[in-house]
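Novice: Can you keep this structure in mind? I'll have questions shortly.
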Amino acid sequence: MNTQFIVDYLSTLSMNNNREWYHANKEDFKKANAEFEELLQSLMLEIGKFDSSILHNNPKDLTFKIVRDTRFSHDKSPYNPAFRAHISSKGKLPVPVGYYLMIKPGNQSFLGGGLFADMFKDATRMIRDYITQNGEEWETLIHEPQFEKLFTVQGTALKNVPAGYDKEHPQAEYLKFKSWYLEYPLKDEELIDAEAFLTKAAEIFRVMKPFNDYLNKALVDFKMPTR
């Protein structure tokens, strides 16, 4: 696993974010992408030591395209100079929640978990309802010392507790959320030694797992909307 090649390729793409350069260097993209998939395979084996539900995945099915949809964006750069993947029991779908990896040079890489998507109203409602009924478990989870040392729960949030929920509920602040996720930032130098990175990433994800498990219990009956 040549993580240095991944970082170097993405750094150069960032400086040459145009179709001409991308197509002229397509072989470098293929090599960098293959290295990323190899990294994912090794990462899954490490995660599998504490979460075997993800081991059946094929790395190719977990990654996201670097081509951007620029139709509604002021930024017309055709590529997102990042390699991204979501590893869960059902692949890269946002639900069930799992383990998210983004490699983006410029100290923008991170390890993530939880529900990033806030457009699924059913998912938001299910998690709010679950927190309402299982508030003590939530508090124990987010105040576990190792968890608190690494993470702060983030997410898109309303200004007020939504209608239908108790404004005085002990977890009222979290009932305002529409998404609930974690991010652990990574510096570029932490990516260069692939073996050291894998060890660290697996440990971060191990500490994250109970949070994912909690959300997945809330989302057990969730069905992805059909188009």
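Within each chain, counting starts at residue 1; across the structure tokens, chains are named A, B, ... in the order shown, with ligands numbered 1 upward in that order.
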Quick one: which stretch 78-125 of chain A residues come within 9 Å of stretch 30-50 of chain A, and what is the nearest atom pair for each with the distance in Å to one decimal, counting only C-alpha atoms, rows ordered by chain and ascending number, as CSV?
Specialist:
```
residue,atom,partner,partner_atom,distance
A:Phe83,CA,A:Phe36,CA,7.4
A:Ala85,CA,A:Leu40,CA,8.1
A:Ile87,CA,A:Met44,CA,7.8
A:Leu101,CA,A:Leu40,CA,8.9
```
Novice: Can you write out the residues you just picked, keeping N, CA and C atoms, as a CSV table (one decimal), in the first residue's frame?
Specialist:
```csv
chain,number,residue,atom,x,y,z
A,83,PHE,N,-10.2,10.9,-2.0
A,83,PHE,CA,-10.7,9.5,-2.1
A,83,PHE,C,-11.5,9.3,-0.8
A,85,ALA,N,-14.7,6.7,1.1
A,85,ALA,CA,-15.4,5.4,1.2
A,85,ALA,C,-16.2,5.3,2.5
A,87,ILE,N,-17.8,2.3,4.9
A,87,ILE,CA,-17.8,0.8,5.1
A,87,ILE,C,-18.9,0.5,6.1
A,101,LEU,N,-14.1,7.1,5.6
A,101,LEU,CA,-12.8,7.5,5.4
A,101,LEU,C,-12.7,8.5,4.3
```
Novice: Which residues, written as an MDAnalysis selection string, have at least one atom at most 10 Å from stretch 119-135 of chain A, with only C-alpha atoms counted and residues fewer than 4 positions away on the same chain left out?
Specialist: chainID A and resid 94:95 115 139:141 162 165:166 169:172 174:180 214:225
Novice: Which neighbours of A:Asn17 fall inside 9 Å, counting only C-alpha atoms, when residues of the same chain fewer than 5 positions from it are skipped, and could you give them as a VMD selection string?
Specialist: chain A and resid 12 22 77 to 81
Novice: Which residues in stretch 6-80 of chain A does DSSP call helix (DSSP H, G or I)? List them as a VMD selection string.
Specialist: chain A and resid 6 to 15 19 to 24 26 to 47 52 to 54 59 to 61
Novice: Write out as an NGL selection string the set of residues from stretch 50-178 of chain A that DSSP, computed on the backbone, places in strand (DSSP E).
Specialist: :A and (83-87 or 99-103 or 109-115)
Novice: Take the residues just selected and output them with all heavy atoms as a tab-separated table (two decimals), in the first residue's frame.
Specialist:
```tsv
chain	number	residue	atom	x	y	z
A	83	PHE	N	-10.18	10.87	-1.99
A	83	PHE	CA	-10.68	9.50	-2.08
A	83	PHE	C	-11.54	9.26	-0.85
A	83	PHE	O	-11.09	9.49	0.28
A	83	PHE	CB	-9.52	8.50	-2.15
A	83	PHE	CG	-8.88	8.41	-3.51
A	83	PHE	CD1	-7.51	8.30	-3.63
A	83	PHE	CD2	-9.65	8.40	-4.67
A	83	PHE	CE1	-6.90	8.21	-4.87
A	83	PHE	CE2	-9.06	8.31	-5.92
A	83	PHE	CZ	-7.68	8.22	-6.02
A	84	ARG	N	-12.77	8.78	-1.07
A	84	ARG	CA	-13.73	8.61	0.01
A	84	ARG	C	-14.36	7.23	-0.04
A	84	ARG	O	-14.56	6.67	-1.12
A	84	ARG	CB	-14.84	9.67	-0.10
A	84	ARG	CG	-14.36	11.10	-0.07
A	84	ARG	CD	-15.45	12.08	-0.46
A	84	ARG	NE	-15.88	11.89	-1.84
A	84	ARG	CZ	-17.13	12.02	-2.28
A	84	ARG	NH1	-18.11	12.31	-1.44
A	84	ARG	NH2	-17.43	11.83	-3.55
A	85	ALA	N	-14.70	6.72	1.14
A	85	ALA	CA	-15.37	5.41	1.22
A	85	ALA	C	-16.19	5.33	2.49
A	85	ALA	O	-15.85	5.94	3.51
A	85	ALA	CB	-14.34	4.28	1.19
A	86	HIS	N	-17.28	4.58	2.41
A	86	HIS	CA	-18.11	4.29	3.59
A	86	HIS	C	-18.22	2.78	3.71
A	86	HIS	O	-18.62	2.10	2.76
A	86	HIS	CB	-19.50	4.92	3.42
A	86	HIS	CG	-20.39	4.72	4.61
A	86	HIS	ND1	-21.58	4.01	4.55
A	86	HIS	CD2	-20.28	5.12	5.90
A	86	HIS	CE1	-22.14	4.00	5.74
A	86	HIS	NE2	-21.38	4.67	6.58
A	87	ILE	N	-17.84	2.28	4.87
A	87	ILE	CA	-17.80	0.83	5.12
A	87	ILE	C	-18.88	0.49	6.14
A	87	ILE	O	-18.80	0.89	7.30
A	87	ILE	CB	-16.42	0.40	5.68
A	87	ILE	CG1	-15.28	0.91	4.79
A	87	ILE	CG2	-16.35	-1.11	5.86
A	87	ILE	CD1	-13.90	0.78	5.45
A	99	TYR	N	-18.39	3.19	8.92
A	99	TYR	CA	-17.08	3.81	9.10
A	99	TYR	C	-16.71	4.55	7.82
A	99	TYR	O	-16.67	3.96	6.74
A	99	TYR	CB	-16.03	2.74	9.42
A	99	TYR	CG	-16.49	1.79	10.50
A	99	TYR	CD1	-17.10	0.57	10.16
A	99	TYR	CD2	-16.37	2.11	11.85
A	99	TYR	CE1	-17.54	-0.30	11.15
A	99	TYR	CE2	-16.82	1.25	12.84
A	99	TYR	CZ	-17.41	0.04	12.48
A	99	TYR	OH	-17.86	-0.82	13.45
A	100	TYR	N	-16.45	5.84	7.96
A	100	TYR	CA	-16.20	6.69	6.80
A	100	TYR	C	-14.74	7.13	6.78
A	100	TYR	O	-14.18	7.51	7.82
A	100	TYR	CB	-17.11	7.92	6.87
A	100	TYR	CG	-17.06	8.83	5.66
A	100	TYR	CD1	-17.82	8.55	4.52
A	100	TYR	CD2	-16.26	9.97	5.66
A	100	TYR	CE1	-17.78	9.38	3.42
A	100	TYR	CE2	-16.22	10.80	4.56
A	100	TYR	CZ	-16.98	10.52	3.44
A	100	TYR	OH	-16.93	11.34	2.34
A	101	LEU	N	-14.14	7.07	5.61
A	101	LEU	CA	-12.76	7.51	5.44
A	101	LEU	C	-12.69	8.48	4.28
A	101	LEU	O	-13.19	8.20	3.19
A	101	LEU	CB	-11.86	6.29	5.14
A	101	LEU	CG	-10.44	6.59	4.63
A	101	LEU	CD1	-9.62	7.36	5.65
A	101	LEU	CD2	-9.73	5.28	4.24
A	102	MET	N	-12.07	9.64	4.53
A	102	MET	CA	-11.77	10.57	3.44
A	102	MET	C	-10.30	10.93	3.49
A	102	MET	O	-9.80	11.38	4.53
A	102	MET	CB	-12.61	11.85	3.52
A	102	MET	CG	-12.28	12.80	2.36
A	102	MET	SD	-13.44	14.18	2.16
A	102	MET	CE	-12.76	15.36	3.31
A	103	ILE	N	-9.62	10.71	2.38
A	103	ILE	CA	-8.23	11.15	2.24
A	103	ILE	C	-8.23	12.36	1.31
A	103	ILE	O	-8.59	12.26	0.13
A	103	ILE	CB	-7.33	10.04	1.67
A	103	ILE	CG1	-7.24	8.88	2.68
A	103	ILE	CG2	-5.94	10.59	1.36
A	103	ILE	CD1	-6.34	7.74	2.23
A	109	SER	N	-8.17	15.44	5.63
A	109	SER	CA	-8.60	14.04	5.74
A	109	SER	C	-9.26	13.81	7.10
A	109	SER	O	-8.96	14.50	8.08
A	109	SER	CB	-7.40	13.10	5.60
A	109	SER	OG	-6.72	13.33	4.39
A	110	PHE	N	-10.16	12.83	7.16
A	110	PHE	CA	-10.74	12.48	8.46
A	110	PHE	C	-11.34	11.08	8.44
A	110	PHE	O	-11.62	10.52	7.38
A	110	PHE	CB	-11.79	13.51	8.91
A	110	PHE	CG	-13.08	13.51	8.13
A	110	PHE	CD1	-14.15	12.73	8.53
A	110	PHE	CD2	-13.22	14.30	7.00
A	110	PHE	CE1	-15.34	12.72	7.83
A	110	PHE	CE2	-14.42	14.31	6.28
A	110	PHE	CZ	-15.48	13.52	6.70
A	111	LEU	N	-11.51	10.56	9.65
A	111	LEU	CA	-12.24	9.32	9.88
A	111	LEU	C	-13.59	9.71	10.46
A	111	LEU	O	-13.66	10.56	11.35
A	111	LEU	CB	-11.48	8.43	10.89
A	111	LEU	CG	-10.04	8.08	10.52
A	111	LEU	CD1	-9.34	7.42	11.72
A	111	LEU	CD2	-9.98	7.17	9.31
A	112	GLY	N	-14.66	9.11	9.96
A	112	GLY	CA	-15.98	9.52	10.41
A	112	GLY	C	-16.89	8.35	10.71
A	112	GLY	O	-16.61	7.20	10.36
A	113	GLY	N	-18.00	8.67	11.35
A	113	GLY	CA	-19.01	7.65	11.65
A	113	GLY	C	-20.33	8.32	11.95
A	113	GLY	O	-20.41	9.54	12.12
A	114	GLY	N	-21.39	7.52	12.01
A	114	GLY	CA	-22.71	8.07	12.30
A	114	GLY	C	-23.48	8.43	11.04
A	114	GLY	O	-23.11	8.04	9.94
A	115	LEU	N	-24.56	9.18	11.22
A	115	LEU	CA	-25.43	9.57	10.11
A	115	LEU	C	-25.07	10.97	9.65
A	115	LEU	O	-25.29	11.95	10.35
A	115	LEU	CB	-26.90	9.54	10.55
A	115	LEU	CG	-27.92	9.86	9.46
A	115	LEU	CD1	-28.02	8.73	8.45
A	115	LEU	CD2	-29.30	10.15	10.06
```
Novice: For atom CA of A:Gly155 and atom CA of A:Ala117, quote the distance in Å rounded to one decimal.
Specialist: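 A separation of 9.1 Å between them.
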Novice: Which neighbours of A:Pro105 fall inside 8 Å, counting only C-alpha atoms, when residues of the same chain fewer than 2 positions from it are skipped, and could you give them as a list in words?
Specialist: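 The neighbour list is Val7, Leu10, Ser11, Ala82, Ile103, Asn107, Gln108, Ser109 and Asp188 of chain A.
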Novice: For N, CA and C atoms, I'd like the residues from the last selection saved as a PDB file, in the first residue's frame.
Specialist:
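And here's again02.pdb as it stands now:
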```pdb
ATOM      1  N   VAL A   7      -1.540  10.379  -1.715  1.00  0.00           N
ATOM      2  CA  VAL A   7      -1.472  11.785  -1.289  1.00  0.00           C
ATOM      3  C   VAL A   7      -0.862  12.654  -2.387  1.00  0.00           C
ATOM      4  N   LEU A  10      -3.405  13.122  -5.333  1.00  0.00           N
ATOM      5  CA  LEU A  10      -4.506  14.021  -4.995  1.00  0.00           C
ATOM      6  C   LEU A  10      -4.020  15.460  -4.853  1.00  0.00           C
ATOM      7  N   SER A  11      -2.819  15.644  -4.321  1.00  0.00           N
ATOM      8  CA  SER A  11      -2.246  16.998  -4.196  1.00  0.00           C
ATOM      9  C   SER A  11      -2.053  17.621  -5.573  1.00  0.00           C
ATOM     10  N   ALA A  82     -10.161  14.049  -3.636  1.00  0.00           N
ATOM     11  CA  ALA A  82     -10.247  13.249  -2.415  1.00  0.00           C
ATOM     12  C   ALA A  82     -10.670  11.835  -2.769  1.00  0.00           C
ATOM     13  N   ILE A 103      -9.617  10.711   2.381  1.00  0.00           N
ATOM     14  CA  ILE A 103      -8.234  11.154   2.236  1.00  0.00           C
ATOM     15  C   ILE A 103      -8.234  12.358   1.312  1.00  0.00           C
ATOM     16  N   ASN A 107      -4.369  18.571   5.005  1.00  0.00           N
ATOM     17  CA  ASN A 107      -4.875  18.305   6.363  1.00  0.00           C
ATOM     18  C   ASN A 107      -6.395  18.351   6.427  1.00  0.00           C
ATOM     19  N   GLN A 108      -7.046  17.875   5.356  1.00  0.00           N
ATOM     20  CA  GLN A 108      -8.509  17.836   5.318  1.00  0.00           C
ATOM     21  C   GLN A 108      -9.055  16.409   5.416  1.00  0.00           C
ATOM     22  N   SER A 109      -8.166  15.435   5.627  1.00  0.00           N
ATOM     23  CA  SER A 109      -8.604  14.037   5.743  1.00  0.00           C
ATOM     24  C   SER A 109      -9.264  13.814   7.101  1.00  0.00           C
ATOM     25  N   ASP A 188      -1.798  15.292   7.185  1.00  0.00           N
ATOM     26  CA  ASP A 188      -1.215  14.612   6.019  1.00  0.00           C
ATOM     27  C   ASP A 188      -0.122  13.624   6.416  1.00  0.00           C
TER      28      ASP A 188
END
```
Novice: So the first atom is atom CA of A:Glu144 and the second is atom CA of A:Leu182; what is the distance between them in Å, to one decimal place?
Specialist: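 Computing it gives 14.4 Å between the two atoms.
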Novice: Which neighbours of A:Leu62 fall inside 8 Å, counting only C-alpha atoms, when residues of the same chain fewer than 2 positions from it are skipped, and could you give them as JSON, numbers by chain?
Specialist: {"A": [57, 58, 59, 60, 64, 85, 86, 87, 91, 92]}
